file protein-v8.csv (CSV, C-alpha atoms)
chain,number,residue,atom,x,y,z
A,1,MET,CA,182.1,132.6,124.6
A,2,THR,CA,181.2,133.1,120.9
A,3,ASP,CA,180.5,136.6,119.7
A,4,PRO,CA,176.6,136.8,119.9
A,5,VAL,CA,176.6,139.2,116.9
A,6,THR,CA,177.7,136.4,114.5
A,7,ALA,CA,176.0,133.5,116.3
A,8,GLY,CA,172.7,133.9,114.5
A,9,LEU,CA,174.1,134.1,111.0
A,10,ASP,CA,173.0,131.1,108.9
A,11,PRO,CA,172.4,129.0,112.0
A,12,LEU,CA,171.4,125.8,110.2
A,13,GLY,CA,174.4,125.9,107.9
A,14,ARG,CA,176.6,126.5,110.9
A,15,TRP,CA,174.9,123.7,112.8
A,16,ARG,CA,175.5,121.2,110.0
A,17,ARG,CA,179.1,122.2,109.6
A,18,LEU,CA,179.9,121.7,113.3
A,19,ALA,CA,177.6,118.9,114.4
A,20,GLY,CA,180.1,116.1,113.8
A,21,ASP,CA,182.6,117.4,116.3
A,22,ALA,CA,180.6,119.6,118.7
A,23,VAL,CA,178.8,118.8,121.9
A,24,LEU,CA,175.0,118.7,121.7
A,25,LEU,CA,173.3,120.8,124.4
A,26,ASP,CA,169.9,119.3,124.5
A,27,GLY,CA,167.3,121.5,126.2
A,28,PHE,CA,167.2,124.8,128.0
A,29,HIS,CA,168.9,123.7,131.2
A,30,ALA,CA,171.9,122.2,129.4
A,31,LEU,CA,172.4,125.4,127.4
A,32,LYS,CA,171.9,127.5,130.6
A,33,HIS,CA,174.6,125.7,132.5
A,34,ALA,CA,177.0,125.7,129.5
A,35,VAL,CA,176.7,129.4,129.2
A,36,ARG,CA,177.0,129.9,132.9
A,37,PHE,CA,180.3,128.0,133.0
A,38,GLY,CA,181.9,129.6,130.0
A,39,ALA,CA,181.4,127.1,127.2
A,40,GLU,CA,182.1,128.3,123.6
A,41,ILE,CA,178.7,128.0,121.8
A,42,PRO,CA,178.7,128.7,118.1
A,43,VAL,CA,175.0,128.2,117.5
A,44,ALA,CA,171.8,127.9,119.5
A,45,VAL,CA,168.2,127.5,118.4
A,46,ALA,CA,164.7,127.5,119.8
A,47,VAL,CA,161.3,126.9,118.4
A,48,ASP,CA,159.9,129.7,120.5
A,49,ARG,CA,162.7,132.2,121.2
A,50,GLY,CA,160.4,134.5,123.4
A,51,ALA,CA,159.4,131.6,125.6
A,52,ALA,CA,163.0,130.5,126.0
A,53,LEU,CA,164.1,134.0,127.0
A,54,ALA,CA,161.1,134.2,129.4
A,55,LEU,CA,162.2,130.9,131.0
A,56,ALA,CA,165.7,132.4,131.4
A,57,GLY,CA,164.3,135.5,133.0
A,58,GLU,CA,162.4,133.3,135.5
A,59,LEU,CA,165.0,130.6,136.2
A,60,ALA,CA,168.4,132.0,135.1
A,61,PRO,CA,168.4,135.8,134.8
A,62,ASP,CA,172.2,135.8,135.0
A,63,VAL,CA,172.4,134.2,131.5
A,64,ARG,CA,169.4,135.9,129.9
A,65,GLU,CA,171.4,138.5,128.1
A,66,ALA,CA,173.8,136.0,126.7
A,67,LEU,CA,171.0,133.8,125.5
A,68,ASP,CA,169.3,136.8,123.9
A,69,GLY,CA,172.4,137.1,121.7
A,70,LEU,CA,172.8,133.4,121.0
A,71,LEU,CA,169.3,132.1,120.3
A,72,THR,CA,167.8,131.9,116.8
A,73,GLU,CA,164.2,131.0,116.3
A,74,VAL,CA,163.6,128.0,113.9
A,75,LYS,CA,160.5,126.1,112.8
A,76,GLU,CA,159.5,123.1,114.9
A,77,ALA,CA,160.2,120.7,112.1
A,78,THR,CA,163.7,122.2,111.6
A,79,TYR,CA,164.4,121.9,115.3
A,80,ALA,CA,163.3,118.3,115.3
A,81,SER,CA,165.6,117.5,112.4
A,82,LEU,CA,168.6,118.7,114.5
A,83,VAL,CA,168.2,116.6,117.6
A,84,PRO,CA,167.8,112.8,118.1
A,85,ARG,CA,164.9,113.3,120.6
A,86,PRO,CA,163.1,116.7,121.0
A,87,HIS,CA,163.3,118.2,124.5
A,88,PRO,CA,160.2,119.7,126.1
A,89,THR,CA,161.8,123.1,126.1
A,90,ALA,CA,162.5,122.9,122.3
A,91,VAL,CA,165.9,124.5,122.8
A,92,ALA,CA,169.2,123.1,121.5
A,93,ALA,CA,172.7,124.3,120.9
A,94,LEU,CA,176.2,123.1,119.9
A,95,ALA,CA,179.2,123.8,122.1
A,96,VAL,CA,182.9,123.3,121.5
A,97,ARG,CA,184.3,120.3,123.5
A,98,PRO,CA,187.2,121.4,125.7
A,99,SER,CA,190.6,120.0,124.6
A,100,ARG,CA,192.0,116.9,126.1
A,101,GLU,CA,195.1,118.8,127.1
A,102,ALA,CA,193.0,121.4,129.0
A,103,GLN,CA,191.1,118.7,130.8
A,104,LEU,CA,194.3,116.8,131.8
A,105,ASP,CA,195.8,120.0,133.1
A,106,ARG,CA,192.8,120.5,135.4
A,107,LEU,CA,192.8,116.9,136.6
A,108,GLY,CA,196.5,116.9,137.2
A,109,GLN,CA,196.8,120.0,139.3
A,110,ALA,CA,199.6,119.5,141.8
A,111,SER,CA,197.6,120.6,144.8
A,112,ARG,CA,193.9,119.7,144.1
A,113,ALA,CA,191.5,121.3,146.5
A,114,THR,CA,188.7,118.9,145.7
A,115,PRO,CA,188.5,115.2,144.7
A,116,VAL,CA,188.4,113.5,141.3
A,117,VAL,CA,185.6,111.0,140.8
A,118,VAL,CA,186.6,107.9,138.9
A,119,LEU,CA,184.0,105.7,137.2
A,120,ASP,CA,185.6,102.4,136.5
A,121,ASN,CA,184.1,100.8,133.3
A,122,PRO,CA,180.7,102.4,133.7
A,123,ARG,CA,177.9,101.0,131.5
A,124,ASN,CA,174.9,103.3,131.9
A,125,LEU,CA,175.0,106.6,130.0
A,126,GLY,CA,172.3,108.2,132.2
A,127,ASN,CA,174.1,107.2,135.4
A,128,ALA,CA,177.3,108.8,134.1
A,129,GLY,CA,175.5,112.0,133.4
A,130,ALA,CA,174.0,112.0,136.8
A,131,VAL,CA,177.4,111.6,138.4
A,132,ILE,CA,178.8,114.5,136.4
A,133,ARG,CA,176.0,116.7,137.6
A,134,LEU,CA,176.7,115.6,141.2
A,135,ALA,CA,180.4,116.3,140.8
A,136,ALA,CA,179.7,119.8,139.5
A,137,GLY,CA,177.4,120.4,142.4
A,138,PHE,CA,180.0,119.5,144.9
A,139,GLY,CA,182.7,121.4,143.2
A,140,ALA,CA,184.8,118.2,142.4
A,141,THR,CA,187.9,118.7,140.3
A,142,GLY,CA,186.5,116.3,137.7
A,143,VAL,CA,185.1,113.0,136.6
A,144,VAL,CA,187.2,110.4,134.9
A,145,THR,CA,185.8,107.3,133.2
A,146,THR,CA,187.7,104.2,132.2
A,147,GLY,CA,186.6,101.7,129.6
A,148,THR,CA,184.6,102.2,126.5
A,149,LEU,CA,181.8,104.6,127.6
A,150,ASP,CA,182.3,108.1,126.1
A,151,PRO,CA,181.6,110.6,128.9
A,152,TRP,CA,180.8,113.3,126.3
A,153,HIS,CA,178.1,111.1,124.6
A,154,PRO,CA,174.9,113.2,124.0
A,155,THR,CA,172.9,111.1,126.4
A,156,VAL,CA,175.6,111.7,129.1
A,157,VAL,CA,175.5,115.4,128.5
A,158,ARG,CA,171.8,115.4,128.6
A,159,GLY,CA,171.8,113.5,131.9
A,160,GLY,CA,174.5,116.0,133.2
A,161,ALA,CA,172.3,119.0,132.3
A,162,GLY,CA,175.3,120.6,130.5
A,163,LEU,CA,177.4,120.6,133.7
A,164,HIS,CA,180.3,119.0,131.9
A,165,PHE,CA,181.6,122.6,131.5
A,166,ALA,CA,181.6,123.1,135.2
A,167,THR,CA,184.1,120.4,135.9
A,168,ALA,CA,186.8,118.4,134.0
A,169,VAL,CA,185.5,115.3,132.2
A,170,GLU,CA,187.7,112.9,130.4
A,171,ARG,CA,188.2,109.2,129.6
A,172,LEU,CA,191.5,107.7,130.7
A,173,THR,CA,193.0,104.3,131.4
A,174,VAL,CA,193.8,103.3,134.9
A,175,ASP,CA,197.5,103.9,134.2
A,176,GLU,CA,196.7,107.4,133.1
A,177,LEU,CA,194.8,108.4,136.3
A,178,PRO,CA,196.1,111.6,137.9
A,179,ALA,CA,198.3,111.4,141.0
A,180,GLY,CA,196.7,111.1,144.4
A,181,PRO,CA,195.5,108.6,147.0
A,182,VAL,CA,192.8,106.3,145.5
A,183,PHE,CA,189.8,105.4,147.7
A,184,ALA,CA,187.8,102.8,146.0
A,185,LEU,CA,184.2,101.8,147.0
A,186,ASP,CA,183.8,98.1,147.6
A,187,PRO,CA,181.4,96.1,149.8
A,188,GLU,CA,184.4,94.4,151.5
A,189,GLY,CA,186.0,97.7,152.4
A,190,ASP,CA,186.3,99.6,155.7
A,191,ASP,CA,183.2,101.6,156.8
A,192,ILE,CA,183.5,105.0,155.2
A,193,ARG,CA,182.1,106.6,158.3
A,194,GLY,CA,185.3,106.1,160.1
A,195,VAL,CA,187.5,107.6,157.4
A,196,GLU,CA,188.3,111.2,156.5
A,197,LEU,CA,188.8,111.7,152.8
A,198,PRO,CA,191.6,114.0,151.7
A,199,ASP,CA,190.8,116.9,149.3
A,200,ASP,CA,193.1,115.5,146.7
A,201,ALA,CA,191.6,112.0,146.8
A,202,LEU,CA,190.5,110.0,143.7
A,203,LEU,CA,187.2,108.4,144.6
A,204,ALA,CA,186.7,105.3,142.5
A,205,PHE,CA,183.5,103.4,141.8
A,206,GLY,CA,183.1,100.1,140.0
A,207,SER,CA,180.7,99.4,137.2
A,208,GLU,CA,177.1,98.8,137.8
A,209,ARG,CA,177.4,95.1,136.9
A,210,SER,CA,180.8,93.9,137.9
A,211,GLY,CA,182.3,96.3,140.4
A,212,LEU,CA,185.9,97.3,140.4
A,213,SER,CA,188.2,96.0,137.7
A,214,PRO,CA,191.4,94.2,138.8
A,215,GLU,CA,193.5,97.1,137.5
A,216,LEU,CA,191.6,99.7,139.6
A,217,ARG,CA,191.6,97.4,142.7
A,218,THR,CA,195.4,97.1,142.4
A,219,ARG,CA,195.8,100.8,142.1
A,220,ALA,CA,193.6,101.5,145.2
A,221,ASP,CA,195.2,102.7,148.4
A,222,ARG,CA,192.2,101.8,150.4
A,223,LEU,CA,188.8,100.1,150.0
A,224,LEU,CA,185.8,101.7,151.6
A,225,ALA,CA,182.2,100.6,152.0
A,226,LEU,CA,179.0,102.6,152.3
A,227,PRO,CA,176.7,101.7,155.2
A,228,MET,CA,173.9,99.5,153.9
A,229,ARG,CA,171.1,97.4,155.5
A,230,PRO,CA,171.7,93.7,155.4
A,231,GLN,CA,170.1,91.9,152.4
A,232,VAL,CA,170.1,95.1,150.3
A,233,SER,CA,172.2,94.3,147.3
A,234,SER,CA,173.6,97.7,146.3
A,235,TYR,CA,173.0,101.4,145.7
A,236,ASN,CA,172.6,103.0,142.4
A,237,LEU,CA,175.9,104.4,141.1
A,238,ALA,CA,174.9,108.0,141.3
A,239,THR,CA,173.6,107.5,144.8
A,240,SER,CA,176.9,105.9,145.9
A,241,VAL,CA,178.8,108.9,144.5
A,242,ALA,CA,176.5,111.4,146.2
A,243,MET,CA,176.9,109.7,149.5
A,244,THR,CA,180.7,109.6,149.2
A,245,LEU,CA,181.0,113.2,148.1
A,246,TYR,CA,178.7,114.3,150.9
A,247,HIS,CA,180.8,112.4,153.4
A,248,TRP,CA,183.9,114.2,152.1
A,249,SER,CA,182.2,117.6,152.2
A,250,ALA,CA,180.7,117.1,155.7
A,251,ALA,CA,184.2,116.6,157.1
A,252,GLY,CA,185.2,120.1,155.9
A,253,GLY,CA,185.7,119.7,152.2
A,254,ALA,CA,184.4,122.2,149.7
A,255,PRO,CA,184.4,125.3,151.9
A,256,HIS,CA,183.2,127.4,149.0
A,257,LEU,CA,179.9,125.6,148.7
A,258,CYS,CA,176.7,127.1,150.0
A,259,ALA,CA,173.3,125.6,150.9
A,260,ALA,CA,171.4,127.5,148.1
A,261,SER,CA,172.4,128.6,144.7
A,262,ALA,CA,171.0,129.9,141.4
A,263,PRO,CA,168.7,127.3,139.7

call {"tool": "encode", "arguments": {"input": "protein-v8.csv", "output": "structure tokens"}}
result
Amino acid sequence: MTDPVTAGLDPLGRWRRLAGDAVLLDGFHALKHAVRFGAEIPVAVAVDRGAALALAGELAPDVREALDGLLTEVKEATYASLVPRPHPTAVAALAVRPSREAQLDRLGQASRATPVVVLDNPRNLGNAGAVIRLAAGFGATGVVTTGTLDPWHPTVVRGGAGLHFATAVERLTVDELPAGPVFALDPEGDDIRGVELPDDALLAFGSERSGLSPELRTRADRLLALPMRPQVSSYNLATSVAMTLYHWSAAGGAPHLCAASAP
């Protein structure tokens, strides 16, 4: 993590120098999670520094000291000029994006203890963020997207509440997917309730509009279907991922998870 002694020096100049390549942490909760999971944060600002630290004391005391060293108070107009859409908490920061090499190393572990979630040609930025938040909560190894959507887009990071730093997040082609058995969700697949998902599985989900691509369908080792009432068209993407990850965890996966955790 960045040295808090230097983080507050010329924060606006530092922000403008780094904004082009850095990850925008939009709001208190995104900053909280990024700090909690070891992100490198060169600059962080708040309209009301005292209120932000009070919120940390109430909701995330484990990161309050770090935030005390990172946050610089700025005027409301200045804050608004730094972000595309002001957050209710009036807190923002920039973080260093993990290198592609580091992400690929995490995704390609020889003996993964938790699945990788694959979003095949996703279209909705908010859905992608929600999936990353779910994957982090279940302790998944990572989330991979194929296609044109950037999983580190500011809207995705906002939807993921900064939890990109709690799991590996990368964009790959189908040919670049890490090794492991691919279980792809499809309405024509086998009922997931009769299948035990291995810890090193790749759990693949098609796009919200068109489902699985031909390339991903060819790569799949097995097609699985979620239980659904007749005449209901589909589940939301994040809901499908949540149901599938819960099915995996209920069969004995993620032994390190607990029912309650810090907010």

call {"tool": "residues_around", "arguments": {"input": "protein-v8.csv", "residues": "His247 in chain A", "least_positions_apart": "3", "cutoff": "10 Å", "atoms": "all atoms listed in the file", "output": "ChimeraX atom specification"}}
result
/A:192-193,195-197,241-244,250-253

call {"tool": "residues_around", "arguments": {"input": "protein-v8.csv", "residues": "Arg16 in chain A", "least_positions_apart": "6", "cutoff": "12 Å", "atoms": "all atoms listed in the file", "output": "ChimeraX atom specification"}}
result
/A:10,22,24,42-43,78,81-83,93-94

call {"tool": "residues_around", "arguments": {"input": "protein-v8.csv", "residues": "Ala220 in chain A", "least_positions_apart": "6", "cutoff": "12 Å", "atoms": "only C-alpha atoms", "output": "MDAnalysis selection string"}}
result
chainID A and resid 118 120 174:175 177 179:186 189 201:206 212:214

call {"tool": "write_last_selection", "arguments": {"input": "protein-v8.csv", "atoms": "C-alpha atoms", "output": "short mmCIF file (atom, residue, chain, number, x, y, z; two decimals), in the frame of the given file"}}
result
data_model
loop_
_atom_site.label_atom_id
_atom_site.label_comp_id
_atom_site.auth_asym_id
_atom_site.auth_seq_id
_atom_site.Cartn_x
_atom_site.Cartn_y
_atom_site.Cartn_z
CA VAL A 118 186.60 107.90 138.90
CA ASP A 120 185.60 102.40 136.50
CA VAL A 174 193.80 103.30 134.90
CA ASP A 175 197.50 103.90 134.20
CA LEU A 177 194.80 108.40 136.30
CA ALA A 179 198.30 111.40 141.00
CA GLY A 180 196.70 111.10 144.40
CA PRO A 181 195.50 108.60 147.00
CA VAL A 182 192.80 106.30 145.50
CA PHE A 183 189.80 105.40 147.70
CA ALA A 184 187.80 102.80 146.00
CA LEU A 185 184.20 101.80 147.00
CA ASP A 186 183.80 98.10 147.60
CA GLY A 189 186.00 97.70 152.40
CA ALA A 201 191.60 112.00 146.80
CA LEU A 202 190.50 110.00 143.70
CA LEU A 203 187.20 108.40 144.60
CA ALA A 204 186.70 105.30 142.50
CA PHE A 205 183.50 103.40 141.80
CA GLY A 206 183.10 100.10 140.00
CA LEU A 212 185.90 97.30 140.40
CA SER A 213 188.20 96.00 137.70
CA PRO A 214 191.40 94.20 138.80
#

call {"tool": "closest_residue", "arguments": {"input": "protein-v8.csv", "among": "A:Pro154, A:Gly160, A:Pro227, A:Pro178", "to": "Ala34 in chain A", "atoms": "only C-alpha atoms"}}
result
A:Gly160

call {"tool": "atom_distance", "arguments": {"input": "protein-v8.csv", "atom1": "CA of Thr218 in chain A", "atom2": "CA of Pro122 in chain A"}}
result
17.9 Å

call {"tool": "residues_around", "arguments": {"input": "protein-v8.csv", "residues": "Leu163 in chain A", "least_positions_apart": "2", "cutoff": "10 Å", "atoms": "all atoms listed in the file", "output": "PyMOL selection string"}}
result
chain A and resi 29-37+129-130+132-137+157-161+165-169

call {"tool": "residues_around", "arguments": {"input": "protein-v8.csv", "residues": "range 52-60 of chain A", "least_positions_apart": "6", "cutoff": "10 Å", "atoms": "all atoms listed in the file", "output": "JSON, numbers by chain"}}
result
{"A": [27, 28, 29, 32, 33, 36, 45, 46, 66, 67, 68, 71, 73, 89, 90, 91, 262, 263]}

call {"tool": "atom_distance", "arguments": {"input": "protein-v8.csv", "atom1": "CA of Ala128 in chain A", "atom2": "CA of Val156 in chain A"}}
result
6.0 Å

call {"tool": "closest_residue", "arguments": {"input": "protein-v8.csv", "among": "A:Ala95, A:Ala238, A:Ala77, A:Leu245", "to": "Trp15 in chain A", "atoms": "only C-alpha atoms"}}
result
A:Ala95

call {"tool": "closest_residue", "arguments": {"input": "protein-v8.csv", "among": "A:Leu119, A:Val131, A:Ala92, A:Met228", "to": "Ser207 in chain A", "atoms": "all atoms listed in the file"}}
result
A:Leu119

call {"tool": "atom_distance", "arguments": {"input": "protein-v8.csv", "atom1": "CA of Glu208 in chain A", "atom2": "CA of Gly162 in chain A"}}
result
23.1 Å

call {"tool": "closest_residue", "arguments": {"input": "protein-v8.csv", "among": "A:Leu25, A:Phe138, A:Ala110, A:Asn124", "to": "Asp150 in chain A", "atoms": "only C-alpha atoms"}}
result
A:Asn124

call {"tool": "closest_residue", "arguments": {"input": "protein-v8.csv", "among": "A:Val23, A:Val96, A:Leu107, A:Leu216", "to": "Gly147 in chain A", "atoms": "only C-alpha atoms"}}
result
A:Leu216

call {"tool": "closest_residue", "arguments": {"input": "protein-v8.csv", "among": "A:Val144, A:Val232, A:Ala51, A:Leu237", "to": "Arg100 in chain A", "atoms": "all atoms listed in the file"}}
result
A:Val144
